[in-house]
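Asker: Sharing input-v5.txt (compact mmCIF, N, CA and C atoms) below.
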```
# COMPACT_ATOMS: atom_id res chain seq x y z
N MET F 589 94.55 80.63 102.79
CA MET F 589 95.38 81.62 103.43
C MET F 589 95.47 81.37 104.93
N LEU F 590 94.37 81.01 105.50
CA LEU F 590 94.34 80.76 106.94
C LEU F 590 95.19 79.54 107.30
N SER F 591 95.18 78.49 106.46
CA SER F 591 95.96 77.30 106.76
C SER F 591 97.46 77.59 106.66
N THR F 592 97.87 78.45 105.76
CA THR F 592 99.28 78.84 105.66
C THR F 592 99.70 79.61 106.89
N LEU F 593 98.86 80.54 107.33
CA LEU F 593 99.14 81.32 108.52
C LEU F 593 99.20 80.41 109.75
N SER F 594 98.30 79.46 109.83
CA SER F 594 98.30 78.50 110.95
C SER F 594 99.58 77.69 110.95
N ALA F 595 100.04 77.26 109.79
CA ALA F 595 101.27 76.48 109.69
C ALA F 595 102.47 77.31 110.14
N ILE F 596 102.53 78.57 109.75
CA ILE F 596 103.64 79.45 110.14
C ILE F 596 103.64 79.66 111.65
N ILE F 597 102.46 79.89 112.24
CA ILE F 597 102.36 80.08 113.68
C ILE F 597 102.80 78.81 114.41
N PHE F 598 102.37 77.65 113.91
CA PHE F 598 102.74 76.39 114.53
C PHE F 598 104.26 76.19 114.48
N LEU F 599 104.88 76.45 113.34
CA LEU F 599 106.33 76.29 113.22
C LEU F 599 107.07 77.26 114.14
N ALA F 600 106.57 78.49 114.24
CA ALA F 600 107.19 79.47 115.13
C ALA F 600 107.09 79.00 116.58
N PHE F 601 105.92 78.49 116.96
CA PHE F 601 105.72 77.97 118.30
C PHE F 601 106.65 76.79 118.58
N LEU F 602 106.75 75.88 117.61
CA LEU F 602 107.61 74.72 117.74
C LEU F 602 109.07 75.15 117.90
N SER F 603 109.50 76.15 117.13
CA SER F 603 110.87 76.66 117.23
C SER F 603 111.12 77.24 118.60
N LEU F 604 110.17 77.99 119.13
CA LEU F 604 110.34 78.57 120.47
C LEU F 604 110.46 77.49 121.52
N ARG F 605 109.68 76.43 121.40
CA ARG F 605 109.73 75.34 122.39
C ARG F 605 111.06 74.62 122.31
N ILE F 606 111.57 74.39 121.11
CA ILE F 606 112.84 73.68 120.96
C ILE F 606 113.98 74.52 121.54
N PHE F 607 114.04 75.79 121.19
CA PHE F 607 115.15 76.64 121.63
C PHE F 607 115.01 77.07 123.09
N SER F 608 113.80 77.08 123.61
CA SER F 608 113.64 77.48 125.01
C SER F 608 113.99 76.34 125.96
N ALA F 609 114.17 75.16 125.43
CA ALA F 609 114.53 74.02 126.28
C ALA F 609 115.93 74.17 126.85
N GLY F 610 116.74 75.04 126.25
CA GLY F 610 118.06 75.33 126.81
C GLY F 610 119.19 74.61 126.10
N THR F 611 119.01 73.37 125.71
CA THR F 611 120.07 72.65 125.02
C THR F 611 119.57 72.19 123.67
N VAL F 612 120.40 72.39 122.71
CA VAL F 612 120.08 71.92 121.37
C VAL F 612 121.19 70.95 120.98
N SER F 613 120.83 69.72 120.71
CA SER F 613 121.85 68.75 120.34
C SER F 613 122.10 68.81 118.85
N THR F 614 123.36 68.89 118.50
CA THR F 614 123.76 68.92 117.11
C THR F 614 124.36 67.57 116.77
N PRO F 615 123.89 66.92 115.73
CA PRO F 615 124.45 65.62 115.38
C PRO F 615 125.92 65.75 115.00
N THR F 616 126.69 64.77 115.39
CA THR F 616 128.11 64.76 115.04
C THR F 616 128.26 64.36 113.59
N PRO F 617 128.98 65.17 112.80
CA PRO F 617 129.15 64.81 111.40
C PRO F 617 130.04 63.58 111.26
N VAL F 618 129.76 62.77 110.26
CA VAL F 618 130.56 61.59 109.98
C VAL F 618 131.31 61.86 108.69
N LEU F 619 132.62 61.74 108.75
CA LEU F 619 133.45 61.97 107.58
C LEU F 619 133.58 60.67 106.82
N LEU F 620 133.09 60.65 105.61
CA LEU F 620 133.15 59.46 104.79
C LEU F 620 134.23 59.64 103.74
N THR F 621 135.35 58.99 103.96
CA THR F 621 136.46 59.09 103.01
C THR F 621 137.01 57.71 102.75
N SER F 622 137.80 57.61 101.74
CA SER F 622 138.49 56.36 101.46
C SER F 622 139.51 56.12 102.56
N GLN F 623 139.69 54.90 102.94
CA GLN F 623 140.66 54.59 103.99
C GLN F 623 142.07 54.97 103.54
N LYS F 624 142.30 55.03 102.25
CA LYS F 624 143.61 55.41 101.75
C LYS F 624 143.97 56.82 102.21
N ASP F 625 142.97 57.66 102.48
CA ASP F 625 143.21 59.01 102.97
C ASP F 625 143.51 59.04 104.46
N LYS F 626 143.15 57.99 105.19
CA LYS F 626 143.29 58.00 106.64
C LYS F 626 144.49 57.20 107.12
N PHE F 627 144.91 56.20 106.39
CA PHE F 627 146.03 55.37 106.78
C PHE F 627 147.04 55.35 105.64
N PRO F 628 148.28 55.05 105.99
CA PRO F 628 149.27 54.93 104.90
C PRO F 628 148.82 53.87 103.90
N SER F 629 149.09 54.12 102.65
CA SER F 629 148.66 53.17 101.62
C SER F 629 149.28 51.80 101.83
N GLU F 630 150.33 51.73 102.62
CA GLU F 630 150.96 50.44 102.91
C GLU F 630 150.04 49.50 103.67
N PHE F 631 148.99 50.02 104.30
CA PHE F 631 148.07 49.17 105.05
C PHE F 631 146.90 48.66 104.21
N VAL F 632 146.81 49.09 102.97
CA VAL F 632 145.79 48.54 102.08
C VAL F 632 146.36 47.25 101.51
N TYR F 633 145.65 46.17 101.72
CA TYR F 633 146.12 44.84 101.32
C TYR F 633 146.43 44.81 99.82
N PRO F 634 147.56 44.23 99.43
CA PRO F 634 147.95 44.22 98.02
C PRO F 634 146.94 43.49 97.13
N ASN F 635 146.70 44.04 95.99
CA ASN F 635 145.78 43.48 94.98
C ASN F 635 144.35 43.34 95.49
N SER F 636 144.00 44.08 96.54
CA SER F 636 142.62 44.07 97.00
C SER F 636 141.84 45.12 96.22
N GLN F 637 140.54 44.96 96.20
CA GLN F 637 139.68 45.91 95.50
C GLN F 637 138.78 46.61 96.50
N GLU F 638 138.67 47.92 96.36
CA GLU F 638 137.81 48.70 97.26
C GLU F 638 136.36 48.50 96.84
N ILE F 639 135.52 48.08 97.79
CA ILE F 639 134.11 47.84 97.49
C ILE F 639 133.20 48.79 98.24
N GLY F 640 133.77 49.63 99.05
CA GLY F 640 133.00 50.59 99.82
C GLY F 640 133.97 51.43 100.61
N ILE F 641 133.43 52.32 101.39
CA ILE F 641 134.28 53.20 102.18
C ILE F 641 135.00 52.36 103.22
N ALA F 642 136.33 52.36 103.13
CA ALA F 642 137.19 51.64 104.06
C ALA F 642 136.96 50.14 104.05
N THR F 643 136.46 49.60 102.95
CA THR F 643 136.16 48.18 102.84
C THR F 643 136.74 47.63 101.53
N TYR F 644 137.46 46.53 101.66
CA TYR F 644 138.13 45.93 100.52
C TYR F 644 137.84 44.44 100.50
N PHE F 645 138.08 43.80 99.33
CA PHE F 645 138.01 42.35 99.30
C PHE F 645 139.16 41.80 98.49
N THR F 646 139.49 40.54 98.80
CA THR F 646 140.57 39.84 98.12
C THR F 646 140.17 38.38 97.96
N ALA F 647 140.75 37.73 96.96
CA ALA F 647 140.51 36.30 96.77
C ALA F 647 141.40 35.47 97.69
N ASP F 648 142.37 36.09 98.34
CA ASP F 648 143.27 35.37 99.24
C ASP F 648 142.51 34.87 100.48
N SER F 649 143.05 33.82 101.07
CA SER F 649 142.42 33.24 102.26
C SER F 649 142.57 34.18 103.45
N PRO F 650 141.70 34.01 104.45
CA PRO F 650 141.84 34.83 105.66
C PRO F 650 143.21 34.64 106.32
N GLU F 651 143.71 33.40 106.33
CA GLU F 651 145.00 33.12 106.96
C GLU F 651 146.13 33.90 106.28
N LYS F 652 146.13 33.91 104.96
CA LYS F 652 147.17 34.65 104.21
C LYS F 652 147.04 36.15 104.48
N THR F 653 145.81 36.64 104.52
CA THR F 653 145.55 38.06 104.77
C THR F 653 146.01 38.45 106.18
N ILE F 654 145.68 37.62 107.16
CA ILE F 654 146.06 37.89 108.55
C ILE F 654 147.58 37.88 108.69
N ASP F 655 148.23 36.91 108.08
CA ASP F 655 149.70 36.85 108.14
C ASP F 655 150.32 38.10 107.54
N TRP F 656 149.75 38.60 106.45
CA TRP F 656 150.27 39.81 105.81
C TRP F 656 150.17 40.99 106.78
N TYR F 657 149.03 41.12 107.45
CA TYR F 657 148.85 42.22 108.40
C TYR F 657 149.76 42.06 109.63
N LYS F 658 149.97 40.83 110.10
CA LYS F 658 150.90 40.61 111.21
C LYS F 658 152.30 41.12 110.84
N ASN F 659 152.74 40.78 109.64
CA ASN F 659 154.06 41.23 109.17
C ASN F 659 154.10 42.74 109.03
N LYS F 660 153.01 43.33 108.54
CA LYS F 660 152.96 44.79 108.38
C LYS F 660 153.03 45.49 109.74
N LEU F 661 152.34 44.95 110.72
CA LEU F 661 152.37 45.55 112.06
C LEU F 661 153.78 45.46 112.66
N ASN F 662 154.45 44.33 112.44
CA ASN F 662 155.83 44.18 112.92
C ASN F 662 156.76 45.13 112.20
N GLU F 663 156.53 45.31 110.90
CA GLU F 663 157.35 46.23 110.10
C GLU F 663 157.25 47.66 110.63
N TYR F 664 156.07 48.05 111.05
CA TYR F 664 155.86 49.41 111.58
C TYR F 664 156.21 49.51 113.06
N LYS F 665 156.58 48.37 113.68
CA LYS F 665 156.98 48.34 115.09
C LYS F 665 155.93 48.98 116.01
N LEU F 666 154.67 48.61 115.77
CA LEU F 666 153.59 49.13 116.60
C LEU F 666 153.63 48.44 117.96
N GLY F 667 153.53 49.23 119.01
CA GLY F 667 153.72 48.73 120.36
C GLY F 667 152.62 47.83 120.88
N THR F 668 151.40 48.25 120.81
CA THR F 668 150.29 47.49 121.37
C THR F 668 149.57 46.78 120.24
N LYS F 669 149.47 45.45 120.35
CA LYS F 669 148.81 44.67 119.31
C LYS F 669 147.83 43.69 119.93
N SER F 670 146.71 43.52 119.27
CA SER F 670 145.73 42.52 119.68
C SER F 670 145.16 41.89 118.41
N ILE F 671 145.27 40.57 118.32
CA ILE F 671 144.73 39.86 117.16
C ILE F 671 143.88 38.71 117.70
N VAL F 672 142.59 38.77 117.41
CA VAL F 672 141.65 37.76 117.89
C VAL F 672 140.93 37.15 116.69
N THR F 673 141.00 35.82 116.58
CA THR F 673 140.35 35.11 115.48
C THR F 673 139.32 34.14 116.03
N THR F 674 138.15 34.15 115.41
CA THR F 674 137.09 33.21 115.75
C THR F 674 136.65 32.50 114.48
N VAL F 675 136.61 31.17 114.53
CA VAL F 675 136.14 30.38 113.40
C VAL F 675 134.99 29.52 113.90
N SER F 676 133.84 29.66 113.23
CA SER F 676 132.66 28.90 113.62
C SER F 676 131.89 28.48 112.38
N ASN F 677 131.67 27.19 112.23
CA ASN F 677 130.94 26.65 111.07
C ASN F 677 131.53 27.13 109.75
N GLY F 678 132.84 27.26 109.70
CA GLY F 678 133.50 27.69 108.47
C GLY F 678 133.54 29.19 108.27
N ASN F 679 132.88 29.94 109.14
CA ASN F 679 132.91 31.41 109.08
C ASN F 679 134.11 31.90 109.87
N ASN F 680 134.86 32.83 109.29
CA ASN F 680 136.08 33.33 109.92
C ASN F 680 135.92 34.82 110.22
N LEU F 681 136.24 35.20 111.45
CA LEU F 681 136.21 36.60 111.86
C LEU F 681 137.49 36.88 112.64
N THR F 682 138.24 37.88 112.19
CA THR F 682 139.46 38.29 112.88
C THR F 682 139.41 39.78 113.12
N LEU F 683 139.72 40.20 114.34
CA LEU F 683 139.83 41.61 114.69
C LEU F 683 141.28 41.89 115.02
N ILE F 684 141.83 42.92 114.38
CA ILE F 684 143.21 43.32 114.62
C ILE F 684 143.20 44.76 115.11
N GLU F 685 143.88 45.00 116.21
CA GLU F 685 144.04 46.36 116.73
C GLU F 685 145.51 46.55 117.06
N ALA F 686 146.02 47.71 116.66
CA ALA F 686 147.42 48.03 116.95
C ALA F 686 147.56 49.54 117.10
N ARG F 687 148.52 49.93 117.94
CA ARG F 687 148.77 51.35 118.18
C ARG F 687 150.25 51.63 118.19
N GLY F 688 150.57 52.79 117.69
CA GLY F 688 151.92 53.28 117.75
C GLY F 688 151.87 54.75 118.12
N LYS F 689 152.99 55.43 118.01
CA LYS F 689 153.05 56.83 118.40
C LYS F 689 152.08 57.69 117.59
N ASP F 690 152.09 57.53 116.28
CA ASP F 690 151.28 58.39 115.42
C ASP F 690 150.21 57.64 114.63
N ILE F 691 149.91 56.41 115.01
CA ILE F 691 148.97 55.63 114.22
C ILE F 691 148.17 54.69 115.11
N LYS F 692 146.92 54.49 114.75
CA LYS F 692 146.03 53.55 115.43
C LYS F 692 145.30 52.78 114.33
N ILE F 693 145.37 51.47 114.38
CA ILE F 693 144.79 50.62 113.34
C ILE F 693 143.74 49.70 113.97
N HIS F 694 142.56 49.64 113.37
CA HIS F 694 141.51 48.69 113.74
C HIS F 694 141.03 48.06 112.44
N ILE F 695 141.25 46.76 112.30
CA ILE F 695 140.91 46.06 111.06
C ILE F 695 140.06 44.85 111.39
N GLN F 696 139.03 44.65 110.58
CA GLN F 696 138.18 43.46 110.70
C GLN F 696 138.33 42.66 109.41
N ILE F 697 138.68 41.39 109.55
CA ILE F 697 138.83 40.50 108.39
C ILE F 697 137.80 39.40 108.53
N THR F 698 136.96 39.24 107.52
CA THR F 698 135.90 38.23 107.60
C THR F 698 135.82 37.42 106.30
N ARG F 699 135.38 36.21 106.47
CA ARG F 699 135.06 35.37 105.32
C ARG F 699 134.00 34.37 105.76
N LYS F 700 132.86 34.43 105.08
CA LYS F 700 131.79 33.48 105.37
C LYS F 700 132.11 32.15 104.69
N ALA F 701 131.59 31.09 105.23
CA ALA F 701 131.83 29.76 104.68
C ALA F 701 131.38 29.65 103.23
N THR F 702 130.36 30.41 102.88
CA THR F 702 129.81 30.34 101.52
C THR F 702 130.47 31.32 100.55
N ASP F 703 131.38 32.17 101.04
CA ASP F 703 132.01 33.18 100.18
C ASP F 703 133.32 32.67 99.59
N SER F 704 133.70 33.26 98.46
CA SER F 704 134.98 32.93 97.84
C SER F 704 135.97 34.09 97.99
N THR F 705 135.57 35.13 98.72
CA THR F 705 136.45 36.27 98.94
C THR F 705 136.54 36.60 100.42
N THR F 706 137.63 37.23 100.78
CA THR F 706 137.87 37.69 102.14
C THR F 706 137.63 39.19 102.17
N GLN F 707 136.88 39.66 103.15
CA GLN F 707 136.58 41.09 103.28
C GLN F 707 137.49 41.70 104.34
N ILE F 708 138.03 42.86 104.01
CA ILE F 708 138.91 43.62 104.92
C ILE F 708 138.24 44.97 105.16
N LYS F 709 137.99 45.28 106.41
CA LYS F 709 137.32 46.54 106.73
C LYS F 709 138.09 47.28 107.80
N PHE F 710 138.40 48.55 107.53
CA PHE F 710 139.06 49.40 108.51
C PHE F 710 137.98 50.02 109.38
N LEU F 711 138.12 49.87 110.69
CA LEU F 711 137.15 50.40 111.64
C LEU F 711 137.73 51.63 112.32
N GLN F 712 136.85 52.45 112.87
CA GLN F 712 137.33 53.64 113.59
C GLN F 712 137.43 53.36 115.06
```
What's the structure tokens form of this structure?
Answerer:
Amino acid sequence: MLSTLSAIIFLAFLSLRIFSAGTVSTPTPVLLTSQKDKFPSEFVYPNSQEIGIATYFTADSPEKTIDWYKNKLNEYKLGTKSIVTTVSNGNNLTLIEARGKDIKIHIQITRKATDSTTQIKFLQ
């Protein structure tokens, strides 16, 4: 009985110390949804398979995937575009960023030298 009472007093004391500090930080919630809910379905690469939240893969090459996204960005007439590709030891990494009036797109396309699939990930 005494140990339960001691635990309650300790928790009460701890609560007073936390709240008396003046600021309580609340963690920012992270919304985990399918990218299909956040972007028009037209930006999901054709015949790709969803393997995680906002992450897809395709058997197509990175070059074919990048070209498809370049065409899609032109189709939507997005004003600001940045496409950066790095290839090292057969590993391919491409970052695509584009903005328009009502849309902002951040896409990462990767393929490791040892992989047979290209990964497409929508970033925030």
Asker: Dump as a PyMOL selection string all residues having an atom at most 6 Å from (140.0, 37.8, 114.8), computed in the file's coordinates with only N, CA and C atoms.
Answerer: chain F and resi 671-674+681-684
Asker: Between CA of Ile639 in chain F and CA of Lys700 in chain F, what is the distance, to one decimal in Å?
Answerer: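 For CA of Ile639 in chain F relative to CA of Lys700 in chain F, the distance reads 16.5 Å.
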Asker: Between F:Ala701, F:Leu661, F:Ile654, F:Ile695, which one has atoms that come closest to Asn677 in chain F, using only C-alpha atoms?
Answerer: F:Ala701
Asker: Could you work out how far CA of Pro650 in chain F lies from atom C of Lys669 in chain F, giving the answer in Å with one decimal?
Answerer: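 Those two atoms sit 17.8 Å apart.
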Asker: Please compute the CA of Arg699 in chain F-atom C of Gly678 in chain F distance, one decimal, in Å.
Answerer: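 These two atoms are separated by 7.0 Å.
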Asker: Measuring between only C-alpha atoms, which one of F:Ile697, F:Leu711, F:Val632, F:Ala647 shows the shortest distance to Asn679 in chain F?
Answerer: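 Going through F:Ile697, F:Leu711, F:Val632, F:Ala647 one by one, the smallest distance to Asn679 in chain F is for F:Ile697.
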Asker: Taking only C-alpha atoms into account, which of F:Lys689, F:Gln712, F:Thr705, F:Asn659 comes nearest Tyr644 in chain F?
Answerer: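 Going through F:Lys689, F:Gln712, F:Thr705, F:Asn659 one by one, the smallest distance to Tyr644 in chain F is for F:Thr705.
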Asker: Contacts of Thr668 in chain F at 6 Å or less, counting all atoms listed in the file, minus same-chain residues fewer than 4 places along, as a PyMOL selection string?
Answerer: chain F and resi 685-688
